[in-house]
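Have a look at the structure below, then the notes.
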Amino acid sequence: MAFAPGRAFAAPAGDPIDDPVPVEPVASRLGLVLSEYASFPQSFTTPAFTDQRLNRWARINTISELPDGSGRRAVPDLNGNLYLVENGVPHVYLDVAATFAPQFFSGRGLGQGFGYVTFHPDFATNGLFYTIHTEQAPLVSLTPDYEQSSTTLFHGVINEWKATDPAADTFAGTHRELLRIGFGGQIHGIQEINFNPTAKRGSPDFGKLYLAVGDGGIGVRTTDPQNLSIPHGKLLRIDPSGSNSPNGKYGIPADNPFVAQTGAAGEIWSYGYRDPHRFSWDRATGKLYLGHIGEKSTESIYEVRKGDNAGWSEREGYLVFDRDATNVCDRLYPLPADDAANGYDYPVAVYDHNPAPGWNCTDDVGVAVAGGFVYRGTAIPALRGKYIFGDLVAGTVFYTETSEMKRGGPPATIHRLHLFTPAGESVRMQQLSSPGAPGNPERVDLRFGTDNQGELYILAKANGKVWKVTGLRTFAAGPVGTTHVVGGATAADWAPVTPSKWQFTGGQVILAEAGVERPGPRRPFEYAVLSRGPAFSSVQVDADVRLDTPVTVPDRDIIIVFGYQSDTQFYYAHLSSDNTIYPHNGIFKVDNADRVRIDYQWNGRSRGANPAITDTTWHHVRVKHLPSTGEIAVYVNGDHDPIMTARDTTFTSGRVGFGSFDNIGRTRGFTVTGTPAA
């Protein structure tokens, strides 16, 4: 069996790492405006699904524009239909499921069915396009061209189609099988096939087909992704017009990296992958980026080059992976001191995913990465050079700057984008994809696509809709008003819950003694409301704040109150040294009931925005509230991007204040700018 040169099988050293990416994505002030582009009819699996995660409205997987100048868009549905979209209206171009019935199979693994379609760059003249579909092994009499060592459960099949009339609205023509790969598990099959859109005619890469092939779900317990004699866990590159492959149905390019290596499959371009879910080329630089779904906890973006080894299953992300660990939470370890000699290539951006049910590991940002695209369109200049991607389950949309995505350097900062309707309403993807399939109301199943102009599209399997990115907005960018109130440092300016706990001296408002819990709804123990000046509708609070509780005490906090109506009706921004439990480091609402967390950064389980204040020095805090839109943004230390954001329309006006949930602290320079409430 052929393996990568220099592979290391040494047992991991050091202590296991439970949280491999302690720094969370940061909130961005930017938001994408999404305009609905197309909606697809409900579809059903073959056979009927047993896994509720397949209970989707329509399992649409991508959107792309045909390279023929017609403006038509292609959308594959895993359940069998290939749609073409013209002027936002889809129609069936080809029924892949019916073509390969009864072998066609889409009722089990998340990626099974009609997975992807790509059109040859010369489709307008040669009519060629390519598809992936799956067939259940017991129903198929054909032998795969490649198999794993375990029993084959399903086949991933690549077909070439030739349209008699490339301009026709429905397919008529022929098809032939290029490649059939057998998989030993139900998941991680052939995820995407595509041509390099940056390859010029006559260049070595023009007309070469790339295939992202997963590890069949069994790489976690085998060395298949490192085994160069099989295509599993690899990115392949083939020539559909050639014939020098082992089965004689396609060509193996002479410039592929392992063509001359004895025992290696010449189709391999790079290797060491678990689930290479989506890949794309930057149209400006030609760089290839790949979104890789991790096992234990790491979601990764790689910049892929010829011959790369991403390391799975010896590595996950940029850590050692221990396949033999008995505790699933103890599988990641630090890299050895001599790791450079092993030849692994590491991600340029990473985030953590939540543990599987029953795993007592650290919770984090999302579930599984959905690889995306570097924006190179012209409609939104401020997006240019940003790699837009997301979490396919949670529906979160991220970006990184390509200038920060450097091989061998620190991972790029990941920014969480806001989403807006064309009317300017801030929304989450779960709202746009609702109503989803009844068994999975929160699962978005997010995907991305582009057209030939480089404009971006976002898809959701949950309700079978496609949105086009049509603009960019800044969150909480509206004006607040021009009335200024400077909070004094005298008792006459403030109305504390417990006056005896407060001091007003030296230009500072000081909570000198921690508050105690009071009857009624769960809410901050002690705060003082600014009584000077009016109540405000739109408002911005600027203040220097300091935590006085020693750093040795965990979970320290201060709060900024706004929208204050009464002691049981108000908002507050909780600025804490901890972000791992529900009550800390977030934006909350108290409305005659226990406080409710409303910030976008909370993952719904046990992780929010990065800690806001971790020491006892002064920090500048700005809280902005726009009741007309419900937008709330919290900024720390003058950053242009907020650390926390939320949208809520419960309270449209109120007073502001300062305090702590159960610690001590102080503020100075407390200034309010806004519009007095009617």
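Letters A, B, ... mark the chains of the structure tokens in the order given; residue numbers begin at 1 per chain; ligand numbers begin at 1, in order shown.
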
Item to complete: Please identify which residues in region 172-413 of chain A DSSP calls strand (DSSP E or B) from the backbone, and express them as a ChimeraX atom specification.
Response: /A:173-183,190-195,209-213,227,234-239,251,268-271,275-281,288-293,298-304,309,315-316,319-321,332-333,349-353,366,369-374,386-391,397-401

For the contact check between region 424-494 of chain A and region 627-636 of chain A, emit one row per residue of region 424-494 of chain A within 12 Å, containing the shortest atom pair and the distance in Å rounded to one decimal, counting only C-alpha atoms, chain then rising number order, as CSV.
```
residue,atom,partner,partner_atom,distance
A:Gly424,CA,A:Thr629,CA,8.3
A:Glu425,CA,A:Thr629,CA,6.8
A:Ser426,CA,A:Glu631,CA,7.5
A:Val427,CA,A:Glu631,CA,10.4
A:Thr474,CA,A:Glu631,CA,10.8
A:Phe475,CA,A:Glu631,CA,7.3
A:Ala476,CA,A:Glu631,CA,5.5
A:Ala477,CA,A:Glu631,CA,9.1
A:Gly478,CA,A:Thr629,CA,9.2
A:Pro479,CA,A:Ser628,CA,10.8
A:Val480,CA,A:Pro627,CA,9.6
```

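Between Arg666 (chain A) and the residues A:Thr645, A:Thr505, A:Thr652, A:Ser106, the shortest atom-to-atom distance, using only C-alpha atoms, involves A:Thr505.
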
Worksheet item: Using only C-alpha atoms, which of the listed residues (A:Pro25, A:Val497, A:Gly127, A:Ala678) sits closest to Asn603 (chain A)?
Response: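 Closest residue, counting only C-alpha atoms: A:Pro25.
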
Practice prompt. Report as a PyMOL selection string: the residues of region 326-442 of chain A with a DSSP assignment of helix (DSSP H, G or I), based on the backbone of this structure.
Written response: chain A and resi 339-342+381-383+402-404+429-432

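Here CA of Ser245 (chain A) stands at a distance of 28.2 Å from CA of Pro102 (chain A).
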
Fill in: Non-local contacts of region 120-125 of chain A (6 Å; only C-alpha atoms; under 6 positions in same chain excluded) as an NGL selection string
:A and (67-68 or 166)

Discussion item. Excluding Glu24 (chain A) and its own-chain neighbours fewer than 5 positions away, which residues fall within 9 Å of it when counting only C-alpha atoms? Please give them as a PyMOL selection string.
Written reply: chain A and resi 351-352+364-365+413-414+607-610

Restricting it to C-alpha atoms, dump the selection as a tab-separated table (two decimals), in the first residue's frame.
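Just written: part-v9.tsv:
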```
chain	number	residue	atom	x	y	z
A	351	TYR	CA	-13.42	27.12	13.88
A	352	ASP	CA	-14.77	24.56	16.34
A	364	ASP	CA	-18.45	25.77	20.26
A	365	VAL	CA	-19.47	27.68	17.17
A	413	THR	CA	-9.69	35.82	11.66
A	414	ILE	CA	-13.22	34.59	10.97
A	607	ARG	CA	-20.57	29.53	23.95
A	608	GLY	CA	-20.96	33.19	23.09
A	609	ALA	CA	-18.80	36.05	21.86
A	610	ASN	CA	-15.18	36.18	22.93
```

Discussion item. As an exercise, work out the distance from CA of Ala379 (chain A) to CA of Val350 (chain A) in Å and give it to one decimal place.
Written reply: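 If I compute the distance from CA of Ala379 (chain A) to CA of Val350 (chain A), I get 28.3 Å.
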
Discussion item. Give me, as a PyMOL selection string, all polymer residues having an atom no more than 7 Å from Asn159 (chain A), counting only C-alpha atoms and skipping those fewer than 3 positions away in the same chain.
Written reply: chain A and resi 130-132+175-178

Output file for the residues above (N, CA, C and O atoms, as a PDB file, in the first residue's frame):
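The result, written out as again-v5.pdb:
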```pdb
ATOM      1  N   TYR A 130     -21.264  17.001 -16.453  1.00  0.00           N
ATOM      2  CA  TYR A 130     -20.867  15.861 -15.622  1.00  0.00           C
ATOM      3  C   TYR A 130     -21.671  15.860 -14.324  1.00  0.00           C
ATOM      4  O   TYR A 130     -21.973  16.918 -13.762  1.00  0.00           O
ATOM      5  N   THR A 131     -22.012  14.674 -13.862  1.00  0.00           N
ATOM      6  CA  THR A 131     -22.812  14.533 -12.642  1.00  0.00           C
ATOM      7  C   THR A 131     -22.220  13.479 -11.720  1.00  0.00           C
ATOM      8  O   THR A 131     -21.473  12.596 -12.150  1.00  0.00           O
ATOM      9  N   ILE A 132     -22.595  13.598 -10.425  1.00  0.00           N
ATOM     10  CA  ILE A 132     -22.341  12.561  -9.426  1.00  0.00           C
ATOM     11  C   ILE A 132     -23.701  12.009  -8.996  1.00  0.00           C
ATOM     12  O   ILE A 132     -24.633  12.783  -8.754  1.00  0.00           O
ATOM     13  N   HIS A 175     -25.264   9.527 -22.495  1.00  0.00           N
ATOM     14  CA  HIS A 175     -24.392   9.620 -21.326  1.00  0.00           C
ATOM     15  C   HIS A 175     -23.515   8.384 -21.267  1.00  0.00           C
ATOM     16  O   HIS A 175     -23.845   7.329 -21.834  1.00  0.00           O
ATOM     17  N   ARG A 176     -22.381   8.525 -20.599  1.00  0.00           N
ATOM     18  CA  ARG A 176     -21.484   7.395 -20.402  1.00  0.00           C
ATOM     19  C   ARG A 176     -20.846   7.507 -19.024  1.00  0.00           C
ATOM     20  O   ARG A 176     -20.639   8.596 -18.492  1.00  0.00           O
ATOM     21  N   GLU A 177     -20.555   6.369 -18.430  1.00  0.00           N
ATOM     22  CA  GLU A 177     -19.932   6.334 -17.110  1.00  0.00           C
ATOM     23  C   GLU A 177     -18.426   6.539 -17.241  1.00  0.00           C
ATOM     24  O   GLU A 177     -17.770   5.894 -18.054  1.00  0.00           O
ATOM     25  N   LEU A 178     -17.890   7.443 -16.407  1.00  0.00           N
ATOM     26  CA  LEU A 178     -16.452   7.678 -16.379  1.00  0.00           C
ATOM     27  C   LEU A 178     -15.757   6.906 -15.270  1.00  0.00           C
ATOM     28  O   LEU A 178     -14.702   6.306 -15.475  1.00  0.00           O
TER      29      LEU A 178
END
```

Near Asp77 (chain A), counting only C-alpha atoms, which residues have an atom at most 8 Å away, once you skip same-chain residues fewer than 4 positions from it, shown as a compact mmCIF listing (two decimals) with N, CA and C atoms, in the first residue's frame?
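Contents of result-v5.txt, as written:
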```
# COMPACT_ATOMS: atom_id res chain seq x y z
N ALA A 58 -36.48 20.50 -0.19
CA ALA A 58 -35.82 20.15 -1.45
C ALA A 58 -34.33 20.16 -1.19
N ARG A 59 -33.64 19.09 -1.54
CA ARG A 59 -32.24 18.94 -1.15
C ARG A 59 -31.32 19.57 -2.22
N ILE A 60 -31.56 20.85 -2.49
CA ILE A 60 -30.76 21.57 -3.49
C ILE A 60 -29.35 21.78 -2.96
N ASN A 61 -28.36 21.62 -3.83
CA ASN A 61 -26.99 21.46 -3.37
C ASN A 61 -26.04 22.57 -3.80
N ASN A 81 -33.57 15.47 -9.41
CA ASN A 81 -33.77 16.35 -10.56
C ASN A 81 -32.63 17.34 -10.74
N LEU A 82 -32.27 17.57 -12.01
CA LEU A 82 -31.41 18.68 -12.37
C LEU A 82 -32.30 19.78 -12.94
N TYR A 83 -32.30 20.93 -12.25
CA TYR A 83 -33.12 22.06 -12.68
C TYR A 83 -32.27 23.08 -13.42
N PHE A 114 -28.30 12.53 -6.12
CA PHE A 114 -27.71 13.29 -7.22
C PHE A 114 -26.98 14.47 -6.59
N GLY A 115 -25.67 14.31 -6.40
CA GLY A 115 -24.92 15.22 -5.55
C GLY A 115 -24.47 16.51 -6.18
```
